[in-house]
>>> print(open('start20.txt').read())   # compact mmCIF, C-alpha atoms
# COMPACT_ATOMS: atom_id res chain seq x y z
CA MET T 1 0.00 0.00 0.00
CA LEU T 2 1.36 3.37 -0.99
CA ALA T 3 0.50 6.84 0.12
CA TYR T 4 -1.10 8.36 -2.95
CA LYS T 5 1.29 10.76 -4.74
CA GLU T 6 3.19 13.29 -2.72
CA ALA T 7 1.52 14.93 0.22
CA ASP T 8 0.93 18.11 -1.77
CA GLY T 9 -2.32 19.13 -0.11
CA THR T 10 -4.47 18.49 -3.19
CA PHE T 11 -5.87 15.22 -1.81
CA ARG T 12 -6.80 13.96 1.64
CA SER T 13 -6.67 10.49 3.24
CA VAL T 14 -6.04 8.39 0.11
CA THR T 15 -4.10 5.14 -0.24
CA ARG T 16 -3.34 3.21 -3.42
CA GLN T 17 -2.50 -0.44 -4.15
CA VAL T 18 -1.44 -1.65 -7.58
CA LEU T 19 -3.24 -4.96 -8.24
CA ALA T 20 -2.03 -5.60 -11.81
CA ASP T 21 0.37 -3.75 -14.08
CA ALA T 22 2.19 -3.96 -17.41
CA GLU T 23 3.85 -7.25 -16.48
CA HIS T 24 0.42 -8.89 -16.50
CA GLY T 25 0.27 -8.58 -20.26
CA GLN T 26 -2.72 -6.33 -20.82
CA GLY T 27 -1.07 -2.94 -21.35
CA SER T 28 -3.15 -1.66 -18.47
CA SER T 29 -2.94 -1.25 -14.73
CA LEU T 30 -5.58 -2.05 -12.16
CA ARG T 31 -5.33 -0.17 -8.88
CA TYR T 32 -7.34 -0.11 -5.65
CA PHE T 33 -7.80 3.29 -4.04
CA GLU T 34 -9.23 3.82 -0.62
CA VAL T 35 -10.38 7.23 0.57
CA GLY T 36 -10.82 7.70 4.31
CA VAL T 37 -13.82 9.33 5.96
CA GLY T 38 -13.88 12.98 4.90
CA GLY T 39 -11.21 12.37 2.27
CA HIS T 40 -10.93 13.13 -1.44
CA THR T 41 -8.66 12.52 -4.41
CA THR T 42 -6.92 15.27 -6.36
CA LEU T 43 -9.05 17.36 -8.73
CA GLU T 44 -7.34 16.78 -12.09
CA HIS T 45 -7.61 15.78 -15.72
CA HIS T 46 -5.36 14.03 -18.29
CA GLU T 47 -5.37 12.41 -21.69
CA HIS T 48 -5.68 8.85 -20.37
CA THR T 49 -9.05 7.48 -19.31
CA HIS T 50 -10.30 5.85 -16.13
CA VAL T 51 -12.74 3.02 -15.54
CA VAL T 52 -13.75 3.11 -11.87
CA ILE T 53 -15.76 0.54 -9.89
CA PRO T 54 -16.50 1.21 -6.20
CA ILE T 55 -16.24 -1.91 -4.04
CA ARG T 56 -16.40 -0.49 -0.49
CA GLY T 57 -18.44 2.25 1.15
CA ILE T 58 -20.07 5.13 -0.68
CA GLY T 59 -18.84 8.27 -2.35
CA ALA T 60 -19.44 10.80 -5.06
CA ALA T 61 -17.47 12.13 -7.98
CA LEU T 62 -17.13 15.11 -10.20
CA VAL T 63 -16.95 13.65 -13.72
CA GLU T 64 -16.62 16.38 -16.36
CA ASP T 65 -19.43 18.78 -15.36
CA ARG T 66 -21.57 16.45 -13.29
CA ILE T 67 -21.63 15.32 -9.67
CA VAL T 68 -22.51 11.62 -9.51
CA PRO T 69 -23.27 9.54 -6.40
CA LEU T 70 -21.31 6.28 -6.22
CA ALA T 71 -22.22 3.00 -4.58
CA GLN T 72 -20.69 -0.45 -4.73
CA HIS T 73 -20.48 -2.02 -8.17
CA ASP T 74 -21.38 1.11 -10.09
CA VAL T 75 -19.18 1.60 -13.17
CA VAL T 76 -17.85 5.09 -13.90
CA PHE T 77 -16.04 6.10 -17.08
CA VAL T 78 -13.84 9.19 -16.97
CA PRO T 79 -13.17 10.19 -20.61
CA SER T 80 -9.96 11.66 -21.95
CA TRP T 81 -9.40 15.13 -20.47
CA GLY T 82 -12.49 14.89 -18.32
CA TRP T 83 -12.10 16.71 -15.02
CA HIS T 84 -12.62 14.39 -12.05
CA GLN T 85 -12.43 14.19 -8.29
CA PHE T 86 -13.65 11.42 -5.94
CA ARG T 87 -14.91 12.06 -2.41
CA ASN T 88 -15.91 9.77 0.42
CA THR T 89 -19.45 10.76 1.43
CA GLY T 90 -20.00 7.99 4.00
CA ASP T 91 -18.84 7.07 7.47
CA GLU T 92 -16.52 4.20 6.48
CA PRO T 93 -13.64 3.99 3.97
CA PHE T 94 -14.65 4.47 0.33
CA GLY T 95 -12.76 2.01 -1.88
CA PHE T 96 -12.73 1.69 -5.63
CA LEU T 97 -10.95 -0.16 -8.41
CA CYS T 98 -9.50 2.08 -11.11
CA ALA T 99 -8.21 0.83 -14.48
CA VAL T 100 -5.78 2.88 -16.58
CA THR T 101 -3.32 2.28 -19.40
CA ALA T 102 0.10 1.23 -18.12
CA GLU T 103 1.72 4.00 -20.16
CA ARG T 104 -0.03 7.28 -19.48
CA ASP T 105 0.40 11.02 -19.28
CA ARG T 106 0.79 12.99 -16.09
CA PRO T 107 -2.33 14.48 -14.48
CA VAL T 108 -2.90 18.21 -14.86
CA ARG T 109 -4.45 20.28 -12.07
CA PRO T 110 -6.85 23.13 -12.71
CA THR T 111 -5.58 26.64 -13.34
CA PRO T 112 -7.08 29.54 -11.37
CA GLU T 113 -9.13 30.31 -14.50
CA GLN T 114 -10.52 26.75 -14.52
CA ILE T 115 -11.34 26.98 -10.82
CA ALA T 116 -13.21 30.22 -11.53
CA ALA T 117 -15.15 28.41 -14.25
CA PHE T 118 -16.04 25.58 -11.83
CA GLU T 119 -17.24 28.17 -9.32
CA GLN T 120 -19.89 29.31 -11.78
CA ASP T 121 -21.82 26.11 -11.08
CA PRO T 122 -23.07 26.05 -7.47
CA ALA T 123 -23.21 22.25 -7.27
CA ILE T 124 -19.64 21.90 -8.52
CA ALA T 125 -18.44 24.80 -6.39
CA GLU T 126 -19.85 23.10 -3.30
CA PHE T 127 -18.35 19.73 -4.24
CA ILE T 128 -14.77 20.35 -5.26
CA ARG T 129 -11.74 20.46 -2.97
CA TYR T 130 -8.44 21.85 -4.21
CA MET G 1 -26.32 -9.29 -19.92
CA LEU G 2 -25.36 -12.03 -22.32
CA ALA G 3 -25.44 -15.77 -22.04
CA TYR G 4 -21.79 -16.75 -21.97
CA LYS G 5 -20.64 -18.19 -25.31
CA GLU G 6 -22.76 -20.78 -27.03
CA ALA G 7 -24.54 -23.38 -24.97
CA ASP G 8 -21.96 -26.01 -25.86
CA GLY G 9 -22.09 -27.94 -22.61
CA THR G 10 -18.60 -26.93 -21.46
CA PHE G 11 -19.91 -24.39 -18.94
CA ARG G 12 -22.94 -24.19 -16.67
CA SER G 13 -25.03 -21.27 -15.43
CA VAL G 14 -22.77 -18.39 -16.46
CA THR G 15 -23.71 -14.85 -17.54
CA ARG G 16 -21.40 -12.11 -18.78
CA GLN G 17 -21.68 -8.31 -18.88
CA VAL G 18 -19.13 -6.12 -20.65
CA LEU G 19 -18.43 -3.11 -18.42
CA ALA G 20 -15.74 -1.41 -20.51
CA ASP G 21 -14.22 -2.20 -23.87
CA ALA G 22 -11.88 -0.86 -26.56
CA GLU G 23 -13.92 2.34 -26.95
CA HIS G 24 -12.92 3.30 -23.42
CA GLY G 25 -9.37 3.92 -24.57
CA GLN G 26 -7.37 1.40 -22.58
CA GLY G 27 -6.91 -1.41 -25.10
CA SER G 28 -8.55 -3.71 -22.60
CA SER G 29 -11.98 -4.98 -21.69
CA LEU G 30 -13.49 -5.31 -18.25
CA ARG G 31 -16.25 -7.86 -17.87
CA TYR G 32 -18.47 -9.07 -15.03
CA PHE G 33 -19.19 -12.79 -14.93
CA GLU G 34 -21.70 -14.37 -12.66
CA VAL G 35 -21.78 -18.12 -12.07
CA GLY G 36 -24.96 -19.56 -10.60
CA VAL G 37 -25.08 -22.05 -7.74
CA GLY G 38 -23.47 -25.27 -8.91
CA GLY G 39 -22.15 -23.58 -12.04
CA HIS G 40 -18.73 -23.34 -13.67
CA THR G 41 -16.96 -21.65 -16.55
CA THR G 42 -15.34 -23.48 -19.45
CA LEU G 43 -12.04 -25.26 -18.77
CA GLU G 44 -9.70 -23.58 -21.27
CA HIS G 45 -6.44 -21.77 -21.96
CA HIS G 46 -5.22 -19.10 -24.41
CA GLU G 47 -2.38 -16.71 -25.08
CA HIS G 48 -4.09 -13.68 -23.51
CA THR G 49 -4.04 -13.22 -19.73
CA HIS G 50 -6.79 -12.66 -17.16
CA VAL G 51 -6.90 -10.53 -14.04
CA VAL G 52 -9.87 -11.70 -11.96
CA ILE G 53 -11.39 -10.09 -8.85
CA PRO G 54 -14.36 -11.76 -7.15
CA ILE G 55 -16.97 -9.27 -5.94
CA ARG G 56 -19.92 -11.53 -5.00
CA GLY G 57 -20.20 -14.89 -3.29
CA ILE G 58 -17.44 -17.47 -3.09
CA GLY G 59 -15.82 -19.85 -5.55
CA ALA G 60 -12.70 -21.68 -6.48
CA ALA G 61 -10.52 -21.89 -9.56
CA LEU G 62 -8.11 -24.13 -11.32
CA VAL G 63 -5.19 -21.84 -12.25
CA GLU G 64 -2.45 -23.73 -14.07
CA ASP G 65 -1.93 -26.75 -11.79
CA ARG G 66 -3.42 -25.39 -8.57
CA ILE G 67 -6.90 -25.23 -7.08
CA VAL G 68 -7.34 -21.89 -5.31
CA PRO G 69 -10.26 -20.81 -3.10
CA LEU G 70 -11.72 -17.42 -4.03
CA ALA G 71 -13.44 -14.84 -1.85
CA GLN G 72 -14.46 -11.26 -2.43
CA HIS G 73 -11.66 -8.87 -3.35
CA ASP G 74 -9.05 -11.54 -3.92
CA VAL G 75 -6.95 -10.86 -7.04
CA VAL G 76 -6.17 -13.78 -9.36
CA PHE G 77 -3.75 -13.65 -12.29
CA VAL G 78 -4.13 -16.24 -15.03
CA PRO G 79 -0.89 -16.18 -17.05
CA SER G 80 -0.59 -16.71 -20.78
CA TRP G 81 -1.55 -20.29 -21.70
CA GLY G 82 -2.44 -21.11 -18.10
CA TRP G 83 -5.29 -23.60 -17.84
CA HIS G 84 -8.21 -22.21 -15.85
CA GLN G 85 -11.75 -22.92 -14.76
CA PHE G 86 -13.90 -21.07 -12.21
CA ARG G 87 -16.56 -22.75 -10.09
CA ASN G 88 -19.17 -21.45 -7.70
CA THR G 89 -18.63 -23.24 -4.37
CA GLY G 90 -21.25 -21.34 -2.38
CA ASP G 91 -25.00 -21.11 -2.08
CA GLU G 92 -25.45 -17.75 -3.82
CA PRO G 93 -24.25 -16.44 -7.20
CA PHE G 94 -20.47 -16.17 -7.56
CA GLY G 95 -19.57 -12.96 -9.39
CA PHE G 96 -16.18 -11.71 -10.54
CA LEU G 97 -14.62 -8.96 -12.59
CA CYS G 98 -12.30 -10.17 -15.35
CA ALA G 99 -9.91 -7.93 -17.31
CA VAL G 100 -8.54 -8.96 -20.71
CA THR G 101 -6.97 -7.26 -23.71
CA ALA G 102 -9.57 -5.99 -26.16
CA GLU G 103 -7.83 -7.85 -29.00
CA ARG G 104 -7.24 -11.44 -27.99
CA ASP G 105 -6.94 -14.98 -29.25
CA ARG G 106 -9.68 -17.58 -29.06
CA PRO G 107 -9.74 -19.93 -26.06
CA VAL G 108 -8.55 -23.50 -26.59
CA ARG G 109 -10.17 -26.43 -24.79
CA PRO G 110 -8.22 -29.40 -23.50
CA THR G 111 -7.53 -32.36 -25.74
CA PRO G 112 -8.28 -35.87 -24.45
CA GLU G 113 -4.53 -36.19 -23.78
CA GLN G 114 -4.61 -33.02 -21.64
CA ILE G 115 -7.64 -34.30 -19.75
CA ALA G 116 -5.76 -37.54 -19.08
CA ALA G 117 -2.87 -35.47 -17.71
CA PHE G 118 -5.24 -33.53 -15.43
CA GLU G 119 -6.65 -36.82 -14.17
CA GLN G 120 -3.22 -37.76 -12.81
CA ASP G 121 -3.71 -35.20 -10.03
CA PRO G 122 -6.54 -36.27 -7.70
CA ALA G 123 -7.33 -32.69 -6.58
CA ILE G 124 -7.56 -31.45 -10.15
CA ALA G 125 -9.45 -34.53 -11.30
CA GLU G 126 -12.05 -33.91 -8.60
CA PHE G 127 -12.32 -30.21 -9.42
CA ILE G 128 -12.58 -29.93 -13.18
CA ARG G 129 -15.80 -30.10 -15.23
CA TYR G 130 -15.61 -30.55 -19.00
>>> encode(input="start20.txt", output="structure tokens")
Amino acid sequence: MLAYKEADGTFRSVTRQVLADAEHGQGSSLRYFEVGVGGHTTLEHHEHTHVVIPIRGIGAALVEDRIVPLAQHDVVFVPSWGWHQFRNTGDEPFGFLCAVTAERDRPVRPTPEQIAAFEQDPAIAEFIRY
Amino acid sequence: MLAYKEADGTFRSVTRQVLADAEHGQGSSLRYFEVGVGGHTTLEHHEHTHVVIPIRGIGAALVEDRIVPLAQHDVVFVPSWGWHQFRNTGDEPFGFLCAVTAERDRPVRPTPEQIAAFEQDPAIAEFIRY
């Protein structure tokens, strides 16, 4: 289990485990993320896509311009360059599987201009953490 | 939800749902299989690999030359050309996620000679269905 990224303040209470990677012959990686109570992942976007399946607890996500509730065994697709952030909205850890390509670009965080654009939507403004 | 393959008698009580596929930009497919009580998948092998994560019920698998018990959130890797078969060993549906490459070769079933080889191992002989 790894602490997720550097402790740069953009996320809170997140751990990551790599379950399968390039050596498993699929060109993709399968990871398990767990977000503690009150925690959230980094608000970001990138060229590579995500396929996310919650398997523990409950949460919610910003996916592009929508806030979606997440429960176990939902399937969420984050398209290329779609903004996204995952939050634990329950009172136990929120865990999800996340598939990505093994080779992938680095995530990009929002500029102040993008944050200002998010703030135009009250639901998004209330949801995001950055 | 699709019936799994043709009803050729090599499997029993299996459904398949494709959760993500090539159009999701990862070169891989993520499927959900559910095996009914008393059911099993086809005994087969192929060049492409599997990463399998049970998310409902309990089961067991032949993976190469071992029988492994399976519970929720285990992670099973089936290597290239590894023989495999999944069985439901519980009293409720046994469901698992299975990742594969989007482009992949066709499964190959055991020859009578391979079956005879399996039968040399009492644990495998007792486990397999074909």
>>> interface_residues(input="start20.txt", of="chain T", to="chain G", cutoff="9 Å", atoms="all atoms listed in the file", output="list in words")
Leu19, Ala20, His24, Gly25, Gln26, Gly27, Ser28, Leu30, His48, Thr49, His50, Val51, Ile55, His73, Val75, Phe77, Val78, Pro79, Ser80, Ala99, Val100, Thr101 and Ala102 of chain T
>>> atom_distance(input="start20.txt", atom1="atom CA of Asn88 of chain T", atom2="atom CA of Gly57 of chain T")
8.0 Å
>>> atom_distance(input="start20.txt", atom1="atom CA of Asp65 of chain G", atom2="atom CA of Arg31 of chain T")
27.0 Å
>>> atom_distance(input="start20.txt", atom1="atom CA of Pro69 of chain T", atom2="atom CA of Tyr32 of chain T")
18.6 Å
>>> residues_around(input="start20.txt", residues="Leu43 of chain T", least_positions_apart="6", cutoff="9 Å", atoms="all atoms listed in the file", output="list of chain:residue names")
T:Thr10, T:Phe11, T:Leu62, T:Trp83, T:His84, T:Gln85, T:Phe86, T:Val108, T:Arg109, T:Pro110, T:Ile128, T:Arg129, T:Tyr130
>>> closest_residue(input="start20.txt", among="G:Thr41, G:Gly82, G:Arg66, G:Ala22", to="Ala125 of chain G", atoms="only C-alpha atoms")
G:Arg66
>>> closest_residue(input="start20.txt", among="G:Val35, G:Leu70, G:Ala117, G:Ala61", to="Asp91 of chain G", atoms="all atoms listed in the file")
G:Val35
>>> build_atoms(input="start20.txt", residues="segment 99-121 of chain G", atoms="N, CA, C and O atoms", output="mmCIF file, in the coordinates of the input")
data_model
loop_
_atom_site.group_PDB
_atom_site.id
_atom_site.type_symbol
_atom_site.label_atom_id
_atom_site.label_comp_id
_atom_site.auth_asym_id
_atom_site.auth_seq_id
_atom_site.Cartn_x
_atom_site.Cartn_y
_atom_site.Cartn_z
ATOM 1 N N ALA G 99 -10.539 -8.829 -16.328
ATOM 2 C CA ALA G 99 -9.910 -7.930 -17.310
ATOM 3 C C ALA G 99 -9.131 -8.742 -18.331
ATOM 4 O O ALA G 99 -8.448 -9.707 -17.980
ATOM 5 N N VAL G 100 -9.257 -8.329 -19.584
ATOM 6 C CA VAL G 100 -8.540 -8.960 -20.710
ATOM 7 C C VAL G 100 -8.152 -7.865 -21.707
ATOM 8 O O VAL G 100 -8.720 -6.777 -21.685
ATOM 9 N N THR G 101 -7.225 -8.178 -22.604
ATOM 10 C CA THR G 101 -6.970 -7.260 -23.710
ATOM 11 C C THR G 101 -8.170 -7.260 -24.652
ATOM 12 O O THR G 101 -8.852 -8.274 -24.825
ATOM 13 N N ALA G 102 -8.425 -6.092 -25.244
ATOM 14 C CA ALA G 102 -9.570 -5.990 -26.160
ATOM 15 C C ALA G 102 -9.370 -6.902 -27.373
ATOM 16 O O ALA G 102 -10.304 -7.560 -27.833
ATOM 17 N N GLU G 103 -8.161 -6.928 -27.907
ATOM 18 C CA GLU G 103 -7.830 -7.850 -29.000
ATOM 19 C C GLU G 103 -7.186 -9.076 -28.380
ATOM 20 O O GLU G 103 -6.185 -8.954 -27.673
ATOM 21 N N ARG G 104 -7.763 -10.248 -28.653
ATOM 22 C CA ARG G 104 -7.240 -11.440 -27.990
ATOM 23 C C ARG G 104 -7.543 -12.692 -28.804
ATOM 24 O O ARG G 104 -8.437 -12.699 -29.631
ATOM 25 N N ASP G 105 -6.774 -13.718 -28.525
ATOM 26 C CA ASP G 105 -6.940 -14.980 -29.250
ATOM 27 C C ASP G 105 -8.122 -15.776 -28.682
ATOM 28 O O ASP G 105 -8.606 -15.516 -27.583
ATOM 29 N N ARG G 106 -8.550 -16.752 -29.462
ATOM 30 C CA ARG G 106 -9.680 -17.580 -29.060
ATOM 31 C C ARG G 106 -9.233 -18.622 -28.036
ATOM 32 O O ARG G 106 -8.155 -19.201 -28.163
ATOM 33 N N PRO G 107 -10.078 -18.886 -27.047
ATOM 34 C CA PRO G 107 -9.740 -19.930 -26.060
ATOM 35 C C PRO G 107 -9.625 -21.301 -26.716
ATOM 36 O O PRO G 107 -10.306 -21.601 -27.696
ATOM 37 N N VAL G 108 -8.774 -22.130 -26.132
ATOM 38 C CA VAL G 108 -8.550 -23.500 -26.590
ATOM 39 C C VAL G 108 -8.946 -24.439 -25.459
ATOM 40 O O VAL G 108 -8.527 -24.260 -24.317
ATOM 41 N N ARG G 109 -9.735 -25.450 -25.790
ATOM 42 C CA ARG G 109 -10.170 -26.430 -24.790
ATOM 43 C C ARG G 109 -9.182 -27.599 -24.743
ATOM 44 O O ARG G 109 -8.416 -27.815 -25.676
ATOM 45 N N PRO G 110 -9.193 -28.312 -23.636
ATOM 46 C CA PRO G 110 -8.220 -29.400 -23.500
ATOM 47 C C PRO G 110 -8.496 -30.549 -24.464
ATOM 48 O O PRO G 110 -9.651 -30.898 -24.723
ATOM 49 N N THR G 111 -7.430 -31.130 -24.950
ATOM 50 C CA THR G 111 -7.530 -32.360 -25.740
ATOM 51 C C THR G 111 -7.773 -33.544 -24.787
ATOM 52 O O THR G 111 -7.563 -33.426 -23.569
ATOM 53 N N PRO G 112 -8.161 -34.674 -25.312
ATOM 54 C CA PRO G 112 -8.280 -35.870 -24.450
ATOM 55 C C PRO G 112 -6.958 -36.184 -23.747
ATOM 56 O O PRO G 112 -6.966 -36.611 -22.581
ATOM 57 N N GLU G 113 -5.835 -35.932 -24.412
ATOM 58 C CA GLU G 113 -4.530 -36.190 -23.780
ATOM 59 C C GLU G 113 -4.324 -35.251 -22.590
ATOM 60 O O GLU G 113 -3.785 -35.656 -21.550
ATOM 61 N N GLN G 114 -4.755 -33.971 -22.745
ATOM 62 C CA GLN G 114 -4.610 -33.020 -21.640
ATOM 63 C C GLN G 114 -5.518 -33.416 -20.484
ATOM 64 O O GLN G 114 -5.129 -33.329 -19.311
ATOM 65 N N ILE G 115 -6.727 -33.832 -20.801
ATOM 66 C CA ILE G 115 -7.640 -34.300 -19.750
ATOM 67 C C ILE G 115 -7.013 -35.475 -18.992
ATOM 68 O O ILE G 115 -7.049 -35.525 -17.749
ATOM 69 N N ALA G 116 -6.406 -36.385 -19.726
ATOM 70 C CA ALA G 116 -5.760 -37.540 -19.080
ATOM 71 C C ALA G 116 -4.640 -37.068 -18.152
ATOM 72 O O ALA G 116 -4.440 -37.619 -17.055
ATOM 73 N N ALA G 117 -3.927 -36.024 -18.568
ATOM 74 C CA ALA G 117 -2.870 -35.470 -17.710
ATOM 75 C C ALA G 117 -3.473 -34.857 -16.450
ATOM 76 O O ALA G 117 -2.961 -35.066 -15.342
ATOM 77 N N PHE G 118 -4.569 -34.093 -16.608
ATOM 78 C CA PHE G 118 -5.240 -33.530 -15.430
ATOM 79 C C PHE G 118 -5.648 -34.642 -14.460
ATOM 80 O O PHE G 118 -5.557 -34.491 -13.243
ATOM 81 N N GLU G 119 -6.110 -35.745 -15.013
ATOM 82 C CA GLU G 119 -6.650 -36.820 -14.170
ATOM 83 C C GLU G 119 -5.567 -37.486 -13.322
ATOM 84 O O GLU G 119 -5.867 -38.232 -12.396
ATOM 85 N N GLN G 120 -4.306 -37.210 -13.624
ATOM 86 C CA GLN G 120 -3.220 -37.760 -12.810
ATOM 87 C C GLN G 120 -3.146 -37.105 -11.440
ATOM 88 O O GLN G 120 -2.539 -37.659 -10.520
ATOM 89 N N ASP G 121 -3.738 -35.908 -11.311
ATOM 90 C CA ASP G 121 -3.710 -35.200 -10.030
ATOM 91 C C ASP G 121 -5.097 -35.320 -9.398
ATOM 92 O O ASP G 121 -6.066 -34.759 -9.913
#
